[in-house]
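The structure under discussion appears below in the form of structure tokens.
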There are 2 protein chains.
Amino acid sequence: MTRQQLIARIRNTGSYLCVGLDSEKAKLPRHLLSHPDAGDIVYEFNRQIIDATKDYCVAYKINTAFYEADGVKGWETLERTVNYIPSTHFKIADAKRGDIGNTSSQYARAFFETLNFDAVTVAPYMGEDSVKPFLEYKDKWTILLGLTSNPGSRDFELQPAGNGLLYEKVLTTAAGWGSPDNLMYVVGATQAAEFTRIRSLTPDHFYLVPGVGAQGGSLEAISRNAMNKDVGLLVNASRAVIYASAGEDFAQAAGSVAAEYHREMQQYLTILR
Amino acid sequence: MTRQQLIARIRNTGSYLCVGLDSEKAKLPRHLLSHPDAGDIVYEFNRQIIDATKDYCVAYKINTAFYEADGVKGWETLERTVNYIPSTHFKIADAKRGDIGNTSSQYARAFFETLNFDAVTVAPYMGEDSVKPFLEYKDKWTILLGLTSNPGSRDFELQPAGNGLLYEKVLTTAAGWGSPDNLMYVVGATQAAEFTRIRSLTPDHFYLVPGVGAQGGSLEAISRNAMNKDVGLLVNASRAVIYASAGEDFAQAAGSVAAEYHREMQQYLTILR
């Protein structure tokens with residue numbers, strides 16, 4: 001999906017919501033165990049969540065860890081899930097990969113060719129040749145870790161490095177490796193205080209913003225501080241949406257939470273642009 | 001595998017060689033295509049490589065990227081391969097994972113429980129809570145990226161951060177999260193000039209050292225500059241071993257290269273300790 005297609009999709013839908021499918025077997029509604037497709041209840045769960053939320057979001061993010069934890073079976077579920085996501089939606093593999101060049105090329109193949117994701121999250125520590133293989137794919141996106149939402153962001157990301165902080169160096173250095181047409185950054189919603197500074201460093205890039213909901217980030221603060229003329233935001237909610245209810249109404253409840261985010265986003269799109 | 005078991009294994013074998021199974025279908029010997037197990041020639045290749053090299057090495061490192069590139073099928077091959085590695089050998093998932101706490105817990109489950117690896121490589125960028133879930137497993141190892149072997153190490157790892165360089169900050173900060181009994185570091189063989197400094201910062205830790213062979217690192221320089229009283233090194237060779245020959249003698253050729261490393265290591269173990 002190109003940048004223009006993504007922006008058009010956001011404008012037409014009135015949403016910049018990404019739903020995160022961090023689906024963990026132990027947390028799924030119990031009644032799914034007796035479903036005819038009980039051999040793969042995670043897929044069945046994802047399928048119903050997608051059906052219930054797709055009108056309110058523009059992207060889905062699959063957190064690969066939750067699938068790898070179940071080995072081959074989990075990887076099958078991952079593949080079935082990504083294939084089920086409508087082609088209208090932007091598909092993100094939240095995989096945090098990154099290795100020396102010839103290895104990153106294999107990861108890029110895994111997520112962009114074998115699984116046909118639109119984007120993959122990538123860790124910056126190993127530098128340019130670990131990121132470039134992802135950027136070489138036409139109409140695919142690299143979403144590089146900038147400033148993450150977790151407490152550990154204080155250990156290195158927010159530490160002084162050269163003339164600024166490490167995450168600032170990552171943002172500005174990596175901006176030279178790709179363009180706003182194929183490179184986004186992960187910026188955690190819990191880092192609202194930093195958003196204005198981040199937007200000034202990278203005015204045109206999209207940000208994937210996790211940390212709304214279970215992690216406590218504010219959608220309003222993010223939107224006020226970081227929206228640009230092309231919106232420039234994909235705000236992710238995972239647990240707050242998919243675990244909205246543990247009962248038989250789980251999909252309906254997920255849909256309601258997604259719809260609520262959608263309404264709030266429609267407001268910000270009107271007020272802030 | 002505990003530290004004492006690993007050290008005993010190195011002493012008894014006279015080797016600190018790790019063989020890296022970066023097995024890529026496109027590079028495998030052509031005659032394997034007609035093998036009865038041609039449905040999974042990568043596994044058949046790995047099986048023969050393991051048989052031919054196991055007397056000369058103490059560890060195997062599976063680079064997950066090369067398996068993920070083939071999707072579900074590749075993940076099956078990965079599982080079959082790790083199960084085939086003898087229990088005498090230290091099994092490393094070279095996966096470069098790392099995410100917020102609840103996600104890293106899932107990665108730890110994937111590699112330590114579902115696949116029963118002894119160790120997994122982890123990226124440090126996201127800080128303590130992204131690394132801790134791996135360290136919580138008894139008798140399992142976290143191998144944190146310190147200073148890597150690739151050109152991109154110059155972009156961030158070798159940049160000033162606080163009073164030293166970023167990779168130094170990573171080494172010393174992370175040393176407080178685990179102990180030399182459950183934490184190793186990745187230090188690239190191409191960084192021989194830095195090894196003395198690195199050893200002074202982390203005197204007791206093991207290092208996983210990639211970059212010998214195809215990437216040009218010197219086994220002698222690493223051994224001279226970084227061996228400690230417990231050896232403290234696992235030196236990895238991947239392409240130099242597994243692609244030693246593209247002919248029908250590929251396994252024998254891999255065994256010969258591994259035996260050559262073994263002989264050289266036996267020498268250094270005598271001279272340097």
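Here, A, B, ... name the chains of the structure tokens in the order displayed, residue numbers run from 1 inside each chain, and ligands are numbered from 1 in the same displayed order.
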
Enumerate, in order of chain and increasing residue number, the residues of chain B with an atom no farther than 6 Å from chain A, each with its shortest atom pair and distance in Å to one decimal, counting only C-alpha atoms, as JSON lines.
```
{"residue": "B:Ala65", "atom": "CA", "partner": "A:Tyr107", "partner_atom": "CA", "distance": 5.1}
{"residue": "B:Phe66", "atom": "CA", "partner": "A:Gln106", "partner_atom": "CA", "distance": 5.7}
{"residue": "B:Glu68", "atom": "CA", "partner": "A:Ala110", "partner_atom": "CA", "distance": 5.5}
{"residue": "B:Ala69", "atom": "CA", "partner": "A:Ala110", "partner_atom": "CA", "distance": 3.8}
{"residue": "B:Val72", "atom": "CA", "partner": "A:Trp75", "partner_atom": "CA", "distance": 5.7}
{"residue": "B:Trp75", "atom": "CA", "partner": "A:Val72", "partner_atom": "CA", "distance": 5.7}
{"residue": "B:Glu76", "atom": "CA", "partner": "A:Val72", "partner_atom": "CA", "distance": 5.9}
{"residue": "B:Ile100", "atom": "CA", "partner": "A:Asn150", "partner_atom": "CA", "distance": 5.9}
{"residue": "B:Gln106", "atom": "CA", "partner": "A:Ala65", "partner_atom": "CA", "distance": 5.4}
{"residue": "B:Tyr107", "atom": "CA", "partner": "A:Ala65", "partner_atom": "CA", "distance": 5.1}
{"residue": "B:Arg109", "atom": "CA", "partner": "A:Ala69", "partner_atom": "CA", "distance": 5.6}
{"residue": "B:Ala110", "atom": "CA", "partner": "A:Ala69", "partner_atom": "CA", "distance": 3.8}
{"residue": "B:Met126", "atom": "CA", "partner": "A:Ser153", "partner_atom": "CA", "distance": 5.4}
{"residue": "B:Gly127", "atom": "CA", "partner": "A:Gly152", "partner_atom": "CA", "distance": 4.0}
{"residue": "B:Glu128", "atom": "CA", "partner": "A:Gly152", "partner_atom": "CA", "distance": 5.0}
{"residue": "B:Asp129", "atom": "CA", "partner": "A:Gly152", "partner_atom": "CA", "distance": 5.4}
{"residue": "B:Asn150", "atom": "CA", "partner": "A:Ile100", "partner_atom": "CA", "distance": 5.9}
{"residue": "B:Gly152", "atom": "CA", "partner": "A:Gly127", "partner_atom": "CA", "distance": 4.0}
{"residue": "B:Ser153", "atom": "CA", "partner": "A:Met126", "partner_atom": "CA", "distance": 5.4}
{"residue": "B:Asp155", "atom": "CA", "partner": "A:Gly127", "partner_atom": "CA", "distance": 5.2}
{"residue": "B:Pro160", "atom": "CA", "partner": "A:Gly162", "partner_atom": "CA", "distance": 5.7}
{"residue": "B:Ala161", "atom": "CA", "partner": "A:Ala161", "partner_atom": "CA", "distance": 4.2}
{"residue": "B:Gly162", "atom": "CA", "partner": "A:Pro160", "partner_atom": "CA", "distance": 5.8}
```

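Within 6 Å of range 43-58 of chain A, once only C-alpha atoms are used and residues closer than 6 positions along the same chain are dropped, the contacting residues are Ser15, Leu17, Cys18, Thr77, His89, Ala251, Gly255, Ala258, Ala259 and His262 of chain A.
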
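Every protein, DNA or RNA residue with an atom at most 8 Å from Ala189 in chain B, where only C-alpha atoms count and chain neighbours fewer than 5 positions away do not, is listed here: Ser149, Val209, Pro210, Gly211, Val212, Gly216, Gly217, Ser218, Leu219 and Ile222 of chain B.
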
Residue neighbourhood Ser179 in chain A, 10 Å, only C-alpha atoms, exclusion window fewer than 3 positions, as a count of residues only:
10

Looking only at alpha helix (DSSP H) from DSSP on the backbone, list the matching residues of range 8-254 of chain B as an MDAnalysis selection string.
chainID B and resid 8:13 41:53 64:68 71:84 101:108 128:135 166:175 195:201 219:226 239:242 250:254

Strand (DSSP E or B) per DSSP on the backbone: members of range 45-273 of chain A, as a PyMOL selection string:
chain A and resi 59-63+90-97+119-122+141-147+160-161+164-165+183-187+207-209+212+217+228+231+233-237

Dump C-alpha atoms for the selected residues as a short mmCIF file (atom, residue, chain, number, x, y, z; two decimals), in the first residue's frame?
```cif
data_model
loop_
_atom_site.label_atom_id
_atom_site.label_comp_id
_atom_site.auth_asym_id
_atom_site.auth_seq_id
_atom_site.Cartn_x
_atom_site.Cartn_y
_atom_site.Cartn_z
CA ALA A 59 -4.98 -1.18 9.96
CA TYR A 60 -4.34 -4.43 11.81
CA LYS A 61 -1.14 -5.21 13.67
CA ILE A 62 -0.20 -8.82 14.33
CA ASN A 63 2.20 -9.23 17.22
CA PHE A 90 -2.96 -1.90 6.13
CA LYS A 91 -1.32 -5.06 7.51
CA ILE A 92 1.50 -4.68 10.03
CA ALA A 93 3.76 -7.47 11.29
CA ASP A 94 4.83 -6.26 14.73
CA ALA A 95 7.96 -8.36 14.76
CA LYS A 96 10.76 -6.02 15.91
CA ARG A 97 13.25 -7.76 13.61
CA ALA A 119 4.75 -3.24 6.93
CA VAL A 120 7.06 -4.72 9.52
CA THR A 121 8.44 -3.20 12.72
CA VAL A 122 12.25 -3.14 12.85
CA TRP A 141 6.89 -0.07 4.80
CA THR A 142 9.56 -0.25 7.47
CA ILE A 143 8.35 0.89 10.88
CA LEU A 144 11.47 1.61 12.90
CA LEU A 145 11.49 1.74 16.70
CA GLY A 146 11.93 5.36 17.74
CA LEU A 147 10.71 6.02 21.28
CA PRO A 160 22.09 11.33 26.00
CA ALA A 161 23.79 10.36 22.73
CA GLY A 164 20.60 14.90 21.85
CA LEU A 165 18.99 11.73 23.09
CA LEU A 183 9.58 4.62 6.55
CA MET A 184 7.47 5.15 9.67
CA TYR A 185 8.49 5.26 13.32
CA VAL A 186 7.14 3.60 16.42
CA VAL A 187 6.45 6.31 19.00
CA TYR A 207 4.06 7.21 13.38
CA LEU A 208 2.72 3.92 14.59
CA VAL A 209 1.59 4.73 18.12
CA VAL A 212 -3.24 3.62 24.11
CA GLY A 217 -1.57 6.60 26.71
CA ASN A 228 0.30 16.57 10.60
CA VAL A 231 -2.70 12.90 9.60
CA LEU A 233 -0.65 8.75 12.70
CA LEU A 234 -1.72 5.15 13.08
CA VAL A 235 -2.80 4.72 16.68
CA ASN A 236 -2.86 1.14 17.89
CA ALA A 237 -5.02 -0.40 20.58
#
```

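One finds CA of Asp139 in chain B at 13.7 Å from CA of Ile7 in chain B.
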
As a check of understanding: the span from CA of Leu32 in chain B to CA of Pro133 in chain A is 28.9 Å

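As for CA of Arg30 in chain A and CA of Thr81 in chain A, they are spaced 20.0 Å apart.
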
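Taking only C-alpha atoms into account, Leu21 in chain B lies nearest to B:Val42 out of the set B:Val42, B:Ser256, B:Asp37, B:Arg224.
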
Counting only C-alpha atoms, what is within 8 Å of Ala244 in chain B, bar same-chain residues fewer than 5 positions away, as a ChimeraX atom specification?
/B:239,250,253-254,257

Could you please take those selected residues and save N, CA and C atoms as a PDB file, in the first residue's frame?
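again.pdb was written with the following content:
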```pdb
ATOM      1  N   ARG B 239      28.397 -19.603   7.337  1.00  0.00           N
ATOM      2  CA  ARG B 239      28.599 -19.878   5.908  1.00  0.00           C
ATOM      3  C   ARG B 239      29.916 -20.607   5.621  1.00  0.00           C
ATOM      4  N   PHE B 250      29.240 -32.133   0.557  1.00  0.00           N
ATOM      5  CA  PHE B 250      29.047 -30.916   1.373  1.00  0.00           C
ATOM      6  C   PHE B 250      29.208 -31.182   2.874  1.00  0.00           C
ATOM      7  N   ALA B 253      32.844 -31.878   3.724  1.00  0.00           N
ATOM      8  CA  ALA B 253      33.593 -30.617   3.640  1.00  0.00           C
ATOM      9  C   ALA B 253      33.299 -29.730   4.854  1.00  0.00           C
ATOM     10  N   ALA B 254      32.054 -29.689   5.282  1.00  0.00           N
ATOM     11  CA  ALA B 254      31.681 -28.915   6.478  1.00  0.00           C
ATOM     12  C   ALA B 254      32.404 -29.487   7.695  1.00  0.00           C
ATOM     13  N   VAL B 257      36.081 -28.359   7.698  1.00  0.00           N
ATOM     14  CA  VAL B 257      36.274 -26.974   8.132  1.00  0.00           C
ATOM     15  C   VAL B 257      36.077 -26.864   9.644  1.00  0.00           C
TER      16      VAL B 257
END
```
